[in-house]
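Chemist: What follows is model-v5.cif, made up of mmCIF, C-alpha atoms:
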```
data_input
#
loop_
_atom_site.label_atom_id
_atom_site.label_comp_id
_atom_site.auth_asym_id
_atom_site.auth_seq_id
_atom_site.Cartn_x
_atom_site.Cartn_y
_atom_site.Cartn_z
CA MET Y 1 -75.02 -28.36 2.93
CA THR Y 2 -72.49 -25.70 3.73
CA ALA Y 3 -70.77 -27.96 6.28
CA LYS Y 4 -70.43 -30.76 3.72
CA ARG Y 5 -68.89 -28.42 1.18
CA SER Y 6 -66.40 -27.16 3.75
CA GLU Y 7 -65.39 -30.70 4.69
CA LEU Y 8 -64.98 -31.70 1.04
CA LYS Y 9 -62.81 -28.64 0.39
CA ARG Y 10 -60.65 -29.48 3.42
CA GLN Y 11 -60.13 -33.06 2.21
CA LEU Y 12 -59.18 -31.94 -1.32
CA LEU Y 13 -56.62 -29.47 0.06
CA GLU Y 14 -55.12 -32.11 2.32
CA GLN Y 15 -54.76 -34.54 -0.59
CA ALA Y 16 -53.10 -31.86 -2.71
CA ARG Y 17 -50.67 -31.04 0.12
CA LYS Y 18 -49.66 -34.69 0.48
CA ARG Y 19 -49.08 -35.03 -3.26
CA GLN Y 20 -46.75 -32.00 -3.15
CA MET Y 21 -44.67 -33.16 -0.16
CA PRO Y 22 -42.18 -35.47 -1.98
CA ARG Y 23 -41.56 -32.88 -4.67
CA ALA Y 24 -41.06 -30.08 -2.12
CA ALA Y 25 -38.70 -32.17 -0.04
CA SER Y 26 -36.53 -32.92 -3.05
CA ALA Y 27 -36.42 -29.24 -3.95
CA GLN Y 28 -35.12 -28.09 -0.57
CA GLY Y 29 -31.58 -26.75 -0.42
CA PRO Y 30 -28.93 -28.16 1.94
CA GLY Y 31 -29.73 -25.59 4.59
CA ALA Y 32 -33.53 -25.75 4.36
CA PRO Y 33 -35.68 -27.23 7.18
CA GLY Y 34 -36.00 -30.97 6.75
CA ALA Y 35 -33.07 -31.20 4.36
CA ASP Y 36 -30.51 -33.97 4.71
CA THR Y 37 -27.55 -32.47 6.57
CA THR Y 38 -25.85 -35.73 7.46
CA ARG Y 39 -23.65 -35.95 4.36
CA PRO Y 40 -19.99 -35.21 5.17
CA VAL Y 41 -18.44 -31.96 3.88
CA PRO Y 42 -15.04 -32.38 2.16
CA GLU Y 43 -12.18 -31.57 4.54
CA ARG Y 44 -10.77 -28.93 2.21
CA PHE Y 45 -13.77 -26.76 3.11
CA THR Y 46 -13.45 -27.14 6.87
CA ARG Y 47 -9.70 -27.00 7.61
CA PHE Y 48 -7.50 -23.91 7.51
CA ASP Y 49 -4.46 -26.03 6.67
CA ALA Y 50 -6.32 -27.14 3.53
CA HIS Y 51 -6.96 -23.55 2.41
CA PRO Y 52 -5.26 -22.76 -0.94
CA GLY Y 53 -3.32 -19.90 0.65
CA TYR Y 54 -1.83 -22.11 3.34
CA GLN Y 55 -1.09 -24.84 0.82
CA GLN Y 56 0.83 -22.33 -1.30
CA LEU Y 57 2.78 -21.17 1.76
CA ALA Y 58 3.63 -24.76 2.67
CA MET Y 59 4.92 -25.44 -0.85
CA MET Y 60 7.05 -22.29 -0.77
CA ARG Y 61 8.56 -23.27 2.56
CA GLN Y 62 9.23 -26.81 1.38
CA GLY Y 63 10.94 -25.53 -1.75
CA ALA Y 64 13.06 -23.11 0.28
CA GLU Y 65 14.07 -25.88 2.68
CA GLN Y 66 15.15 -28.10 -0.20
CA LEU Y 67 17.31 -25.26 -1.51
CA GLY Y 68 18.79 -24.65 1.94
CA LEU Y 69 17.17 -21.23 2.24
CA LYS Y 70 15.74 -19.65 5.37
CA ASP Y 71 12.53 -17.62 5.52
CA PRO Y 72 13.71 -14.02 4.87
CA PHE Y 73 10.54 -12.42 6.27
CA PHE Y 74 9.38 -11.22 9.69
CA LYS Y 75 12.86 -10.41 10.95
CA VAL Y 76 12.63 -8.94 14.42
CA HIS Y 77 14.15 -5.48 14.84
CA GLU Y 78 14.99 -4.99 18.50
CA GLY Y 79 15.08 -1.19 18.56
CA LEU Y 80 14.93 1.82 16.29
CA ALA Y 81 15.12 0.86 12.61
CA GLY Y 82 16.96 3.48 10.61
CA ALA Y 83 20.23 3.37 8.68
CA THR Y 84 21.24 0.73 11.20
CA SER Y 85 19.16 -1.70 13.26
CA MET Y 86 19.61 -4.36 15.93
CA ILE Y 87 18.65 -7.81 14.57
CA ASN Y 88 19.30 -11.03 16.50
CA GLY Y 89 21.41 -9.07 18.96
CA ARG Y 90 23.72 -7.72 16.26
CA GLN Y 91 23.98 -4.20 14.87
CA CYS Y 92 23.31 -4.31 11.13
CA ILE Y 93 23.44 -1.83 8.29
CA ASN Y 94 19.76 -1.60 7.45
CA PHE Y 95 18.26 -1.12 3.97
CA ALA Y 96 14.75 -2.28 4.79
CA SER Y 97 13.20 0.76 6.43
CA TYR Y 98 11.05 3.60 5.08
CA ASN Y 99 12.55 6.00 7.63
CA TYR Y 100 13.77 8.15 4.74
CA LEU Y 101 14.52 11.38 6.61
CA GLY Y 102 15.47 9.74 9.90
CA TYR Y 103 12.66 11.35 11.88
CA SER Y 104 11.38 8.13 13.42
CA GLY Y 105 13.28 8.12 16.67
CA ASP Y 106 14.20 11.80 16.56
CA PRO Y 107 13.88 13.03 20.18
CA ARG Y 108 11.64 15.95 19.16
CA VAL Y 109 9.24 13.63 17.34
CA VAL Y 110 9.21 11.14 20.20
CA GLN Y 111 8.52 13.95 22.64
CA ALA Y 112 5.54 15.08 20.58
CA ALA Y 113 4.10 11.56 20.72
CA CYS Y 114 4.61 11.33 24.50
CA GLU Y 115 2.97 14.68 25.16
CA ALA Y 116 -0.02 13.80 22.96
CA ALA Y 117 -0.53 10.45 24.72
CA ALA Y 118 -0.27 12.10 28.12
CA HIS Y 119 -2.86 14.72 27.20
CA TYR Y 120 -5.35 12.69 25.15
CA GLY Y 121 -4.74 9.13 26.34
CA THR Y 122 -3.68 6.23 24.17
CA SER Y 123 -6.93 5.94 22.20
CA VAL Y 124 -9.63 8.39 21.14
CA SER Y 125 -11.99 5.48 21.79
CA ALA Y 126 -14.53 6.15 19.02
CA SER Y 127 -15.05 6.99 15.40
CA ARG Y 128 -14.26 10.65 14.82
CA VAL Y 129 -17.76 11.21 13.46
CA VAL Y 130 -19.25 10.11 16.78
CA SER Y 131 -17.04 11.29 19.63
CA GLY Y 132 -13.45 10.53 18.61
CA GLU Y 133 -12.60 13.95 17.20
CA ARG Y 134 -9.67 15.74 18.87
CA PRO Y 135 -8.03 19.10 18.04
CA ILE Y 136 -4.87 17.37 16.85
CA HIS Y 137 -6.76 15.65 14.01
CA GLY Y 138 -7.77 18.97 12.49
CA GLU Y 139 -4.31 20.42 13.04
CA LEU Y 140 -2.70 17.51 11.19
CA GLU Y 141 -5.16 17.66 8.30
CA GLN Y 142 -4.75 21.41 7.87
CA ALA Y 143 -0.96 21.01 7.94
CA ILE Y 144 -1.17 18.36 5.19
CA ALA Y 145 -3.49 20.54 3.08
CA SER Y 146 -1.21 23.54 3.54
CA THR Y 147 1.84 21.47 2.61
CA TYR Y 148 0.16 20.40 -0.62
CA GLY Y 149 -1.31 23.81 -1.38
CA VAL Y 150 -4.88 22.46 -1.60
CA GLU Y 151 -8.11 23.21 0.26
CA ASP Y 152 -8.40 20.30 2.68
CA ALA Y 153 -7.20 16.86 3.72
CA VAL Y 154 -8.52 13.89 5.69
CA ALA Y 155 -6.43 11.38 7.66
CA PHE Y 156 -7.24 7.66 7.84
CA VAL Y 157 -5.88 5.22 10.44
CA SER Y 158 -4.45 2.92 7.73
CA GLY Y 159 -2.56 3.73 4.56
CA HIS Y 160 -3.87 0.63 2.79
CA ALA Y 161 -7.44 1.40 3.88
CA THR Y 162 -7.07 4.96 2.57
CA ASN Y 163 -6.88 3.74 -1.01
CA VAL Y 164 -9.34 0.90 -0.52
CA SER Y 165 -11.97 3.16 1.00
CA THR Y 166 -11.42 6.14 -1.30
CA LEU Y 167 -11.62 4.23 -4.57
CA GLY Y 168 -14.24 1.88 -3.18
CA TYR Y 169 -16.58 4.73 -2.28
CA LEU Y 170 -16.03 7.32 -5.03
CA LEU Y 171 -16.59 4.97 -7.97
CA GLY Y 172 -19.31 2.58 -9.06
CA PRO Y 173 -20.39 0.11 -11.77
CA LYS Y 174 -20.79 2.83 -14.42
CA ASP Y 175 -17.24 4.11 -13.86
CA LEU Y 176 -13.74 3.15 -14.98
CA VAL Y 177 -10.40 2.91 -13.16
CA LEU Y 178 -7.26 3.09 -15.30
CA HIS Y 179 -4.04 2.36 -13.42
CA ASP Y 180 -0.37 1.73 -13.95
CA GLU Y 181 0.29 -2.00 -14.13
CA TYR Y 182 2.62 -1.69 -11.10
CA ILE Y 183 0.11 0.12 -8.91
CA HIS Y 184 -0.05 -0.86 -5.23
CA ASN Y 185 -2.38 -3.61 -4.01
CA SER Y 186 -4.45 -1.10 -2.02
CA SER Y 187 -5.58 0.67 -5.18
CA LEU Y 188 -6.39 -2.63 -6.87
CA VAL Y 189 -8.53 -3.75 -3.94
CA GLY Y 190 -10.29 -0.37 -3.84
CA ALA Y 191 -11.07 -0.56 -7.54
CA GLN Y 192 -12.42 -4.09 -7.17
CA LEU Y 193 -14.55 -3.08 -4.20
CA SER Y 194 -16.07 -0.17 -6.13
CA GLY Y 195 -17.51 -2.42 -8.83
CA ALA Y 196 -16.03 -0.14 -11.49
CA LYS Y 197 -14.47 -1.52 -14.65
CA ARG Y 198 -10.70 -1.75 -14.20
CA MET Y 199 -7.95 -1.66 -16.83
CA SER Y 200 -4.18 -1.38 -16.50
CA PHE Y 201 -1.72 0.33 -18.82
CA SER Y 202 1.97 -0.40 -19.32
CA HIS Y 203 4.24 0.92 -16.58
CA ASN Y 204 4.96 4.65 -16.87
CA ASP Y 205 3.54 4.71 -20.38
CA PRO Y 206 1.30 7.75 -21.02
CA ALA Y 207 0.86 6.70 -24.65
CA ALA Y 208 -0.69 3.43 -23.54
CA LEU Y 209 -3.03 5.35 -21.23
CA GLU Y 210 -3.96 7.68 -24.07
CA THR Y 211 -4.94 4.71 -26.23
CA LEU Y 212 -7.24 3.39 -23.50
CA LEU Y 213 -8.81 6.81 -22.99
CA ASP Y 214 -9.41 7.30 -26.71
CA ARG Y 215 -11.06 3.89 -26.89
CA HIS Y 216 -13.09 3.76 -23.67
CA ARG Y 217 -13.65 7.21 -22.11
CA HIS Y 218 -17.02 7.78 -23.78
CA GLN Y 219 -18.41 4.48 -22.45
CA PHE Y 220 -18.24 5.51 -18.78
CA GLU Y 221 -19.40 8.26 -16.45
CA ARG Y 222 -16.52 8.92 -14.05
CA VAL Y 223 -13.02 7.83 -14.99
CA LEU Y 224 -10.11 7.78 -12.52
CA VAL Y 225 -6.44 7.42 -13.50
CA VAL Y 226 -4.17 6.19 -10.68
CA VAL Y 227 -0.36 6.42 -10.67
CA GLU Y 228 2.30 6.44 -7.96
CA GLY Y 229 4.73 9.23 -7.20
CA LEU Y 230 7.67 6.85 -6.67
CA TYR Y 231 7.29 3.15 -7.41
CA SER Y 232 8.59 1.18 -4.46
CA MET Y 233 9.61 -1.88 -6.48
CA ASP Y 234 11.58 -0.06 -9.16
CA GLY Y 235 12.44 3.37 -7.79
CA ASP Y 236 11.17 5.27 -10.83
CA ILE Y 237 8.59 8.04 -11.25
CA PRO Y 238 5.84 8.91 -13.76
CA ASP Y 239 5.93 11.77 -16.26
CA LEU Y 240 3.37 13.70 -14.23
CA PRO Y 241 2.95 16.68 -16.59
CA ARG Y 242 2.06 14.30 -19.41
CA PHE Y 243 -0.50 12.50 -17.25
CA ILE Y 244 -2.00 15.84 -16.26
CA GLU Y 245 -2.31 16.83 -19.92
CA LEU Y 246 -4.18 13.59 -20.67
CA LYS Y 247 -6.47 13.95 -17.68
CA GLN Y 248 -7.43 17.48 -18.68
CA ARG Y 249 -8.04 16.62 -22.32
CA HIS Y 250 -10.19 13.58 -21.54
CA GLN Y 251 -11.96 15.13 -18.51
CA VAL Y 252 -11.03 12.45 -16.00
CA TRP Y 253 -9.78 12.45 -12.42
CA LEU Y 254 -6.10 11.92 -11.65
CA MET Y 255 -4.92 10.36 -8.39
CA VAL Y 256 -1.26 10.28 -7.34
CA ASP Y 257 -0.21 7.89 -4.57
CA GLU Y 258 2.71 9.62 -2.82
CA ALA Y 259 3.40 6.93 -0.24
CA HIS Y 260 7.08 6.86 -1.19
CA SER Y 261 7.60 10.16 -3.02
CA PHE Y 262 6.62 12.58 -0.25
CA GLY Y 263 9.74 13.56 1.68
CA VAL Y 264 11.89 12.14 -1.11
CA MET Y 265 11.14 14.03 -4.33
CA GLY Y 266 11.52 17.76 -4.77
CA GLU Y 267 14.15 20.15 -3.44
CA THR Y 268 12.54 20.30 0.00
CA GLY Y 269 10.81 16.91 -0.10
CA LEU Y 270 7.32 18.15 -0.97
CA GLY Y 271 6.91 15.36 -3.48
CA LEU Y 272 6.13 15.12 -7.15
CA ARG Y 273 4.40 18.49 -7.43
CA GLU Y 274 7.61 20.22 -6.28
CA HIS Y 275 9.80 17.99 -8.44
CA PHE Y 276 7.85 18.94 -11.58
CA ALA Y 277 6.89 22.45 -10.40
CA ILE Y 278 3.21 21.90 -11.20
CA ASP Y 279 0.07 23.54 -9.84
CA PRO Y 280 -1.07 21.17 -7.06
CA THR Y 281 -4.71 21.60 -8.10
CA ASP Y 282 -3.90 19.97 -11.44
CA VAL Y 283 -4.02 16.65 -9.58
CA ASP Y 284 -7.50 15.83 -8.28
CA ILE Y 285 -6.55 13.40 -5.52
CA TRP Y 286 -3.24 13.44 -3.64
CA MET Y 287 -2.77 10.38 -1.48
CA GLY Y 288 0.06 9.65 0.94
CA THR Y 289 1.00 7.65 3.98
CA MET Y 290 2.29 8.75 7.38
CA SER Y 291 4.26 5.58 8.13
CA LYS Y 292 7.28 6.54 6.05
CA THR Y 293 8.75 10.06 5.97
CA LEU Y 294 6.12 11.34 8.43
CA SER Y 295 7.09 8.75 11.08
CA GLY Y 296 3.56 7.95 12.22
CA CYS Y 297 0.96 5.58 10.83
CA GLY Y 298 -2.07 5.87 8.56
CA GLY Y 299 -2.82 7.61 5.30
CA TYR Y 300 -4.30 10.81 3.95
CA ILE Y 301 -6.21 12.23 1.00
CA ALA Y 302 -5.64 15.87 0.04
CA GLY Y 303 -7.58 17.87 -2.52
CA ASN Y 304 -10.53 20.20 -2.83
CA LYS Y 305 -13.05 20.61 -0.06
CA ALA Y 306 -15.89 18.77 -1.83
CA LEU Y 307 -13.73 15.65 -2.25
CA VAL Y 308 -12.51 15.69 1.35
CA GLU Y 309 -15.91 16.40 2.89
CA THR Y 310 -17.45 13.57 0.88
CA LEU Y 311 -14.85 11.11 2.17
CA ARG Y 312 -15.06 12.44 5.71
CA TYR Y 313 -18.79 11.77 5.91
CA PHE Y 314 -19.19 8.69 3.72
CA ALA Y 315 -15.94 6.72 3.13
CA PRO Y 316 -16.40 3.49 5.15
CA GLY Y 317 -12.73 3.25 6.13
CA PHE Y 318 -13.01 6.62 7.84
CA LEU Y 319 -16.64 6.75 8.92
CA TYR Y 320 -16.74 3.35 10.62
CA SER Y 321 -13.18 3.24 11.94
CA VAL Y 322 -11.89 4.50 15.26
CA GLY Y 323 -10.10 7.82 15.02
CA MET Y 324 -6.33 8.02 14.78
CA PRO Y 325 -4.72 7.93 18.24
CA ALA Y 326 -3.26 11.29 19.22
CA GLN Y 327 0.22 9.88 19.78
CA VAL Y 328 0.16 8.62 16.16
CA ALA Y 329 -1.04 11.95 14.71
CA ALA Y 330 1.42 14.06 16.73
CA PRO Y 331 4.67 12.69 15.22
CA SER Y 332 3.46 13.35 11.67
CA LEU Y 333 2.39 16.86 12.59
CA LYS Y 334 5.81 17.48 14.15
CA VAL Y 335 7.67 16.11 11.12
CA LEU Y 336 5.78 18.45 8.80
CA GLU Y 337 6.97 21.32 10.96
CA LEU Y 338 10.59 20.10 11.06
CA MET Y 339 10.81 19.35 7.31
CA SER Y 340 10.29 22.99 6.44
CA LYS Y 341 13.16 23.96 8.73
CA GLU Y 342 15.60 21.16 7.81
CA PRO Y 343 15.79 20.77 4.02
CA GLU Y 344 19.33 19.48 4.41
CA ARG Y 345 17.90 16.06 5.32
CA VAL Y 346 16.26 15.82 1.91
CA ALA Y 347 19.48 16.94 0.22
CA LYS Y 348 21.45 14.26 2.09
CA LEU Y 349 18.92 11.57 1.19
CA GLN Y 350 19.04 12.49 -2.48
CA ALA Y 351 22.84 12.61 -2.51
CA ILE Y 352 23.33 9.23 -0.82
CA SER Y 353 20.69 7.67 -3.05
CA ARG Y 354 22.49 8.87 -6.18
CA TYR Y 355 25.76 7.60 -4.74
CA PHE Y 356 24.28 4.14 -4.16
CA LEU Y 357 22.90 4.01 -7.71
CA GLU Y 358 26.18 5.14 -9.28
CA GLN Y 359 28.30 2.74 -7.23
CA ALA Y 360 26.00 -0.22 -7.90
CA GLN Y 361 26.08 0.45 -11.62
CA ALA Y 362 29.85 0.89 -11.52
CA ARG Y 363 30.06 -2.65 -10.15
CA GLY Y 364 27.97 -3.97 -13.04
CA MET Y 365 24.76 -4.45 -11.06
CA ASP Y 366 21.37 -4.23 -12.74
CA THR Y 367 19.44 -1.41 -11.07
CA GLY Y 368 16.53 -1.47 -13.53
CA HIS Y 369 14.83 1.87 -14.09
CA SER Y 370 15.65 3.40 -10.70
CA ILE Y 371 16.37 7.11 -10.79
CA GLY Y 372 18.31 6.91 -7.51
CA SER Y 373 15.82 8.48 -5.13
CA ALA Y 374 15.52 6.45 -1.91
CA VAL Y 375 14.61 3.18 -3.67
CA VAL Y 376 17.17 1.20 -5.67
CA PRO Y 377 16.67 -2.43 -6.70
CA VAL Y 378 19.49 -4.79 -7.59
CA ILE Y 379 17.93 -7.26 -10.00
CA VAL Y 380 19.47 -10.75 -9.88
CA GLY Y 381 16.94 -12.65 -12.00
CA SER Y 382 16.23 -15.59 -9.70
CA SER Y 383 14.12 -15.92 -6.56
CA PRO Y 384 16.39 -18.55 -4.97
CA LEU Y 385 19.43 -16.38 -5.67
CA ALA Y 386 17.75 -13.29 -4.24
CA ALA Y 387 16.80 -15.19 -1.08
CA HIS Y 388 20.31 -16.65 -0.79
CA LEU Y 389 21.96 -13.24 -1.18
CA SER Y 390 19.66 -11.69 1.41
CA HIS Y 391 20.57 -14.42 3.91
CA ALA Y 392 24.28 -14.20 3.13
CA LEU Y 393 24.24 -10.42 3.57
CA LEU Y 394 22.51 -10.76 6.94
CA GLU Y 395 25.30 -13.08 8.00
CA LYS Y 396 27.59 -10.14 7.22
CA GLN Y 397 25.35 -7.83 9.31
CA ILE Y 398 23.65 -6.17 6.33
CA ASN Y 399 19.88 -6.28 6.20
CA VAL Y 400 18.10 -6.06 2.83
CA GLN Y 401 14.88 -7.78 1.80
CA PRO Y 402 14.56 -9.98 -1.29
CA ILE Y 403 11.59 -9.47 -3.61
CA LEU Y 404 10.58 -12.82 -5.02
CA TYR Y 405 8.13 -14.31 -7.49
CA PRO Y 406 5.12 -13.83 -7.64
CA ALA Y 407 5.56 -10.28 -6.24
CA VAL Y 408 7.67 -9.67 -9.37
CA PRO Y 409 8.29 -11.87 -12.43
CA GLU Y 410 10.90 -14.54 -11.74
CA LYS Y 411 13.37 -12.92 -14.13
CA SER Y 412 12.98 -9.68 -12.15
CA ALA Y 413 13.63 -11.16 -8.68
CA ARG Y 414 15.73 -8.67 -6.76
CA LEU Y 415 17.14 -7.20 -3.61
CA ARG Y 416 15.38 -3.93 -2.78
CA PHE Y 417 17.42 -1.23 -1.05
CA PHE Y 418 15.72 1.63 0.80
CA LEU Y 419 18.03 4.52 1.56
CA SER Y 420 17.97 6.95 4.46
CA CYS Y 421 19.56 10.36 4.89
CA GLU Y 422 21.51 8.74 7.74
CA HIS Y 423 23.28 6.21 5.51
CA THR Y 424 26.92 7.02 4.82
CA GLN Y 425 29.18 6.38 1.86
CA ALA Y 426 31.04 3.87 4.05
CA HIS Y 427 27.75 1.95 4.54
CA ILE Y 428 27.23 1.89 0.78
CA ASP Y 429 30.79 0.90 -0.17
CA GLN Y 430 30.91 -1.91 2.39
CA THR Y 431 27.55 -3.27 1.32
CA LEU Y 432 28.15 -3.19 -2.42
CA ASP Y 433 31.66 -4.67 -2.13
CA ILE Y 434 30.29 -7.62 -0.15
CA LEU Y 435 27.32 -8.01 -2.49
CA ALA Y 436 29.54 -7.99 -5.58
CA THR Y 437 31.66 -10.78 -4.07
CA LEU Y 438 28.58 -12.84 -3.17
CA ILE Y 439 27.12 -12.49 -6.67
CA ALA Y 440 30.41 -13.50 -8.26
CA ASP Y 441 30.68 -16.54 -5.97
CA ALA Y 442 27.08 -17.56 -6.73
CA LYS Y 443 27.72 -17.43 -10.46
CA GLY Y 444 30.79 -19.61 -10.01
#
```
What does this structure look like when you write it as structure tokens?

Modeler:
Amino acid sequence: MTAKRSELKRQLLEQARKRQMPRAASAQGPGAPGADTTRPVPERFTRFDAHPGYQQLAMMRQGAEQLGLKDPFFKVHEGLAGATSMINGRQCINFASYNYLGYSGDPRVVQAACEAAAHYGTSVSASRVVSGERPIHGELEQAIASTYGVEDAVAFVSGHATNVSTLGYLLGPKDLVLHDEYIHNSSLVGAQLSGAKRMSFSHNDPAALETLLDRHRHQFERVLVVVEGLYSMDGDIPDLPRFIELKQRHQVWLMVDEAHSFGVMGETGLGLREHFAIDPTDVDIWMGTMSKTLSGCGGYIAGNKALVETLRYFAPGFLYSVGMPAQVAAPSLKVLELMSKEPERVAKLQAISRYFLEQAQARGMDTGHSIGSAVVPVIVGSSPLAAHLSHALLEKQINVQPILYPAVPEKSARLRFFLSCEHTQAHIDQTLDILATLIADAKG
């Protein structure tokens, strides 16, 4: 009797399984076993030349070709890029370099890099957490912390990754990031990665930030305000004391990105804290890059020990990345030493920057909100015109990059001039005289 019952049960289960098979097959996804995978996938999902990014690039190139413009990007510099540079075998006046204090190429800085490579090799060959730590890393970080007057600092191998990893790790879905509308892409990507709510406020407008804080601060746990020390598109700076007052009143963190302001602002180039004579601990997170004034590569975060230790042990862009090569750390360490001994470089940079701004304005050029500190735009109001002027200047052995839509609004298309302490008044006069003639000719 038991055998018959078992057989009957087996038969009923088999019948039920067969009844379910058509329904189960229809419910399978495209990647499930037994699913139909023979249907063709549209080409736009399998070809890189059909990717929206490449399609946009192709359209831009086609439009430029129709206007008789050449691609102004990826110019090859054949040697040291400072106030002058060799491009296409010709010596050009160069306004497209962040070598603000002229230390990239300085024999003492080059020597420091050579000695570090000879001693440590060309790679530390591991994450610093594992076995990539070298004495020079700690020396550099302590020099940065000392320069800022804070407890500690940590150096990342990439400036962009510094912001991405710092914001991405410190904040989460219950937090809020408030940033200047002109903030750098790296901070935007970091905020997006964190999962925090993100809001922008009008450029250099503390009142607009205050409105957002009044309205939203109580809805979130941690709130981070992010501004830049010197905005690289416009050459202007924030009212840092006002931002500090808001951060203290609303109990939020304040982060200042000094990628372009360190080495430029302040009597001796110590950045925005020196320019405004503030207590450095009034800013929670100081960020900077080593690829500009410091003549190396990478980025850093400086602040209190708890912040730095947290990033050192948990920030993905530091924890999972190979350590900075010694020959990259050494130049920045050397520049920090030299800056304290050679403040005249900062004075020369500030003087030549003011001269450029004054002379451009005297010729009727629109320099926007630039304060005349290393970065001065000349706004021409048209992307084709900006590209044309950049090409025409290069023909005259003057190198300056155009900034085109969508990097800026079309009406704000511009030429962006980066100044160096090694530029001369003759460089400036020659450049602006030629540019004024080209603009007049273009306007007919």

Chemist: Might you pull out every residue within 12 Å of Gln430 (chain Y), with only C-alpha atoms counted and same-chain residues fewer than 2 positions away left off, and present them as a list in words?

Modeler: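 My list of contacting residues is Cys92, Ile93, Phe356, Gln359, Ala360, Leu393, Lys396, Gln397, Ile398, His423, Thr424, Gln425, Ala426, His427, Ile428, Leu432, Asp433, Ile434, Leu435, Ala436 and Thr437 of chain Y.
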
Chemist: Point out the residue among Y:Ala440, Y:Ala191, Y:Ala374, Y:Cys421 with the least atom-to-atom distance to Gly82 (chain Y), counting all atoms listed in the file.

Modeler: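 Ranked by minimum distance to Gly82 (chain Y), first place goes to Y:Cys421.
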
Chemist: So what do you get for CA of Ala143 (chain Y) versus CA of Glu337 (chain Y), distance-wise?

Modeler: 8.5 Å

Chemist: Would you please work out which residue, of Y:Leu57, Y:Met233, Y:Ala259, Y:Ala326, is nearest to Arg416 (chain Y) when using all atoms listed in the file?

Modeler: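 Distance minimum relative to Arg416 (chain Y) lands on Y:Met233.
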
Chemist: Leaving out region 265-281 of chain Y and any residue of its chain fewer than 3 positions from it, which residues lie within 6 Å of it when counting all atoms listed in the file, given as an NGL selection string?

Modeler: :Y and (261-262 or 343 or 346)

Chemist: Give me the result of the PyMOL selection byres ((chain Y and resi 130) around 10) on this file, residue by residue, as a PyMOL selection string.

Modeler: chain Y and resi 125-129+131-133+319-320+322-323

Chemist: Of the candidates Y:Leu188, Y:Ala207, Y:Val76, Y:Val328, which shows the shortest atom-to-atom distance to Val157 (chain Y), using all atoms listed in the file?

Modeler: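 Comparing Y:Leu188, Y:Ala207, Y:Val76, Y:Val328 against Val157 (chain Y), the winner is Y:Val328.
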
Chemist: Choose the residue, out of Y:Asp236, Y:Glu410, Y:Asp180, Y:Asp366, that has the smallest atom-to-atom separation from Pro384 (chain Y); count only C-alpha atoms.

Modeler: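 Using only C-alpha atoms, the shortest distance to Pro384 (chain Y) belongs to Y:Glu410.
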
Chemist: Select, from Y:Thr431, Y:Met339, Y:His391, Y:Ile237, the residue with the minimum atom-to-atom distance to Pro72 (chain Y), counting all atoms listed in the file.

Modeler: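 Ranked by minimum distance to Pro72 (chain Y), first place goes to Y:His391.
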
Chemist: With distances taken over only C-alpha atoms, which of Y:Ala330, Y:Val378, Y:Val223, Y:Val124 is nearest to Glu141 (chain Y)?

Modeler: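 Between Y:Ala330, Y:Val378, Y:Val223, Y:Val124, the residue approaching Glu141 (chain Y) most closely is Y:Ala330.
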
Chemist: Would you list the contacts of Leu333 (chain Y) as a short mmCIF file (atom, residue, chain, number, x, y, z; two decimals) with C-alpha atoms, keeping the file's coordinate frame, taking every protein, DNA or RNA residue within 12 Å and counting only C-alpha atoms, but skipping same-chain residues closer than 5 positions in sequence?

Modeler:
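Ended up saving to around27.cif:
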```cif
data_model
loop_
_atom_site.label_atom_id
_atom_site.label_comp_id
_atom_site.auth_asym_id
_atom_site.auth_seq_id
_atom_site.Cartn_x
_atom_site.Cartn_y
_atom_site.Cartn_z
CA TYR Y 103 12.66 11.35 11.88
CA ARG Y 108 11.64 15.95 19.16
CA VAL Y 109 9.24 13.63 17.34
CA VAL Y 110 9.21 11.14 20.20
CA ALA Y 112 5.54 15.08 20.58
CA ALA Y 113 4.10 11.56 20.72
CA ALA Y 116 -0.02 13.80 22.96
CA PRO Y 135 -8.03 19.10 18.04
CA ILE Y 136 -4.87 17.37 16.85
CA HIS Y 137 -6.76 15.65 14.01
CA GLY Y 138 -7.77 18.97 12.49
CA GLU Y 139 -4.31 20.42 13.04
CA LEU Y 140 -2.70 17.51 11.19
CA GLU Y 141 -5.16 17.66 8.30
CA GLN Y 142 -4.75 21.41 7.87
CA ALA Y 143 -0.96 21.01 7.94
CA ILE Y 144 -1.17 18.36 5.19
CA ALA Y 145 -3.49 20.54 3.08
CA SER Y 146 -1.21 23.54 3.54
CA THR Y 147 1.84 21.47 2.61
CA ALA Y 155 -6.43 11.38 7.66
CA MET Y 290 2.29 8.75 7.38
CA THR Y 293 8.75 10.06 5.97
CA LEU Y 294 6.12 11.34 8.43
CA SER Y 295 7.09 8.75 11.08
CA GLY Y 296 3.56 7.95 12.22
CA CYS Y 297 0.96 5.58 10.83
CA ALA Y 326 -3.26 11.29 19.22
CA GLN Y 327 0.22 9.88 19.78
CA VAL Y 328 0.16 8.62 16.16
CA LEU Y 338 10.59 20.10 11.06
CA MET Y 339 10.81 19.35 7.31
CA SER Y 340 10.29 22.99 6.44
#
```

Chemist: So what do you get for CA of Ala64 (chain Y) versus CA of Arg47 (chain Y), distance-wise?

Modeler: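 Going from CA of Ala64 (chain Y) over to CA of Arg47 (chain Y) covers 24.2 Å.
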
Chemist: So how far away is CA of Trp253 (chain Y) from CA of His218 (chain Y), in Å?

Modeler: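 These two atoms are separated by 14.3 Å.
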